[in-house]
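Below is one structure; the comments refer to it alone.
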2 protein chains.
Amino acid sequence: MMMLTGKGVFCVRDWSWIRKGGYMEGDAGRGLGCQKITAGKGNNRNGSSKGSIPSCCLKAGASDPELDAKCHSTVVSGWFSQPRSCSDKSGNTAYFNNPMWPGEAHSLKVEKVLYKEKSLYQEILVFESSAYGKVLVLDGIVQLTEKDECAYQEMITHLPLCSIKSPKNVLVVGGGDGGVLREIARHSSVELIDICEIDQMVIDVSKKFFPELVVGFEDPRVHLHVGDAIDFMRCAPKGKYDAIIVDSSDPVGPAQELVERPFFETIARALRPGGVLCNMAESMWLHTHLIQDMLSICRGIFRGAVHYAWASVPTYPSGVIGFVICSTDGPPVDFKNPINPIEKVDGALNHRRELRFYNSEVNFSHVDLSLILLATISQNHLIPGSEKDFPKLCYVPLLL
Amino acid sequence: MMMLTGKGVFCVRDWSWIRKGGYMEGDAGRGLGCQKITAGKGNNRNGSSKGSIPSCCLKAGASDPELDAKCHSTVVSGWFSQPRSCSDKSGNTAYFNNPMWPGEAHSLKVEKVLYKEKSLYQEILVFESSAYGKVLVLDGIVQLTEKDECAYQEMITHLPLCSIKSPKNVLVVGGGDGGVLREIARHSSVELIDICEIDQMVIDVSKKFFPELVVGFEDPRVHLHVGDAIDFMRCAPKGKYDAIIVDSSDPVGPAQELVERPFFETIARALRPGGVLCNMAESMWLHTHLIQDMLSICRGIFRGAVHYAWASVPTYPSGVIGFVICSTDGPPVDFKNPINPIEKVDGALNHRRELRFYNSEVNFSHVDLSLILLATISQNHLIPGSEKDFPKLCYVPLLL
């Protein structure tokens with residue numbers, strides 16, 4: 001779920017192999033560079049043989065390679081920590097900082113480790129937590145918990161699908177756990193649900209441990225494509241989709257506009273006029289530059305509406321997750337006031353299970369039209385008695 | 001900031017000495033009971049000599065007295081953890097769970113410990129964090145950070161003050177850091193700001209380390225009363241205040257309605273007809289029963305409106321903090337649509353400093369009128385393959 005980039009750091013063009021994986025932002029990531037490695041055994045395109053993968057992408061949690069090399073478990077003393085704590089050879093617990101979430105850590109008490117394996121692309125961990133039910137972790141980063149996944153899955157799905165009349169063709173990029181599929185399936189108007197997930201093992205593990213999510217794959221409208229999403233979209237007929245939901249990492253960094261732009265252009269091409277995109281877009285408290293850049297780029301590509309929305313998700317950094325929502329040129333889209341309210345979609349409220357977070361009032365409340373809270377470093381904001389500036393928070397105009 | 005109670009556990013009638021202190025909720029707290037101790041040297045009424053204080057209140061972070069006894073610092077390996085990790089005699093790092101936040105922990109990297117001292121009532125810690133600026137910690141619980149305090153202070157203040165015309169007399173219960181005073185001072189209509197804070201040292205420490213908050217004390221309308229807030233309110237003329245803001249712990253537990261009720265009745269008595277209360281009310285993700293009980297009790301006492309509001313605050317458990325907002329019988333109050341919008345209050349937007357989180361749109365978006373997201377344990381919600389129920393989240397009607 002964690003999408004992070006660093007200025008001057010770009011890792012991989014073919015990014016979709018990192019489902020919700022990690023890039024770096026902030027000082028912690030700046031010095032890492034992006035050494036190509038070939039130790040993997042997968043393929044970042046089709047799963048048969050692995051191309052060169054930058055080390056910074058393989059281990060989002062590893063800002064200190066030496067410590068990381070000594071870290072054999074993400075679970076220490078019965079706790080899973082994000083960023084991880086690990087024991088060195090002397091038995092002492094050492095801490096290192098996750099470049100995607102510098103200076104803070106969130107830990108969950110582990111009742112039982114249920115699964116731990118390396119896929120072709122990433123390390124997959126499933127454990128039973130004492131407070132959040134089962135937890136899915138990829139490369140040391142919490143992807144979802146049973147307790148709070150509803151907020152993320154429902155928001156990233158219904159924000160776009162309720163903003164257009166009778167969505168028919170929908171594409172999910174990433175989303176191998178099935179949660180977004182489960183939510184799309186509430187929409188009776190939908191005829192086709194394409195999903196492009198690079199890592200088959202994420203799907204298999206979800207089938208074993210997360211039945212309430214993976215139920216989404218059982219819908220007969222779902223067509224699974226295991227592979228690279230950019231290739232898939234490029235091969236799709238222009239204007240095929242009414243909605244595209246990117247439930248995946250985004251490799252596009254603040255300084256990587258050239259790289260970002262083609263990705264969003266590919267999405268825009270695959271959408272019909274007045275079609276909509278919902279793209280995971282990190283925390284407004286932590287990833288200011290990233291959000292600003294994404295919004296700026298999207299405003300240049302999507303000629304309809306471009307807004308930012310968010311949801312409260314306790315197990316994501318800072319407790320919130322954001323979304324960039326965009327529409328292509330065509331019939332106007334009002335993201336704040338759904339034209340296709342979920343309450344009026346036949347059978348939607350209780351399809352498979354009840355809605356737990358999203359409703360039209362929540363939709364209205366969680367879409368910012370004109371302002372967005374962003375942490376910014378003010379150069380002129382030196383606090384008396386403090387040795388340095390600290391982040392200053394304020395609402396800034398969305399029209400960046 | 002953390003207000004927690006446990007079923008069957010009630011600690012102290014005279015609660016105001018615990019500013020944002022901790023009570024217990026959930027299994028971790030249930031076995032603790034509430035042994036009276038007299039080791040303190042303060043007085044929970046007037047600060048001159050200490051009455052009996054239950055041990056569970058003294059150390060919100062200490063669910064394991066043995067471990068706690070061995071724990072001499074909240075900072076281990078350069079990190080502050082909430083709940084704390086600490087080293088035992090063997091040098092190994094041990095973890096214990098905070099009863100107020102069972103099963104999870106949030107850690108902040110410490111740049112420098114600036115202050116650590118025991119007041120008459122609690123342990124006060126101030127440190128410079130690497131990600132959130134300076135941090136104020138009381139009895140092991142984060143009270144505020146420079147980065148995100150704006151969200152809490154602005155919301156708890158302007159939600160009530162913007163809901164009534166020309167507020168004149170305002171009372172703050174707790175709030176010794178001065179942040180709420182800073183926000184009240186934006187309202188030019190206000191003539192009197194009483195603040196009742198039990199712990200003088202909190203004020204003194206804030207004056208030294210948090211100039212952006214404690215600036216609130218400089219306003220000539222502020223009258224400081226160091227002492228017990230309940231006594232203070234009982235001595236106040238009936239109907240004196242237009243608004244009361246409780247920036248403090250609330251000792252009222254789910255099973256303690258008899259104790260809760262008099263507190264809220266005291267507040268209601270001190271408010272004028274159509275006066276408003278804003279009371280910190282924990283996280284909708286974590287403290288379901290507490291919120292439900294508070295709302296239920298308030299509905300019985302406040303005959304105007306009773307609603308729940310919330311804000312995103314990354315350094316509080318689950319990343320959100322809630323507020324119960326109530327009005328007494330009298331002129332109707334619309335908490336969602338401020339009658340006294342901050343944008344129209346003369347000079348409010350930039351008094352002392354700019355507003356960073358609150359505006360009328362945020363107000364509208366963060367007050368729930370009919371539904372509230374609450375984590376509930378469904379007895380019939382056994383997940384296939386899971387050995388136990390897990391918390392189920394759904395919106396439930398606010399009319400409890």
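Every chain in the structure tokens has a letter given in the order shown (A, B, ...), and although residue numbers restart at 1 in each chain, ligands are simply numbered from 1 in the order shown.
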_Filtered DSSP result for range 143-310 of chain B, state strand (DSSP E or B), as a ChimeraX atom specification_ = /B:143-145,169-174,192-197,222-226,241-247,271-280,306-310
*Quick one: pick out all helix (DSSP H, G or I) residues within range 264-295 of chain B from a backbone DSSP run and write them as number ranges by chain.*
B: 264-270, 288-295
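The neighbours of Val362 in chain B here are the residues that come within 10 Å of it, using only C-alpha atoms and leaving out any residue fewer than 5 positions away in the same chain; they are Ser365, His366, Asp368 and Leu371 of chain A; Met155, Leu159, Ala311, Lys336, Phe357 and Val367 of chain B.
Across the model, the gap from CA of Lys208 in chain A to CA of Leu114 in chain A is 10.2 Å.
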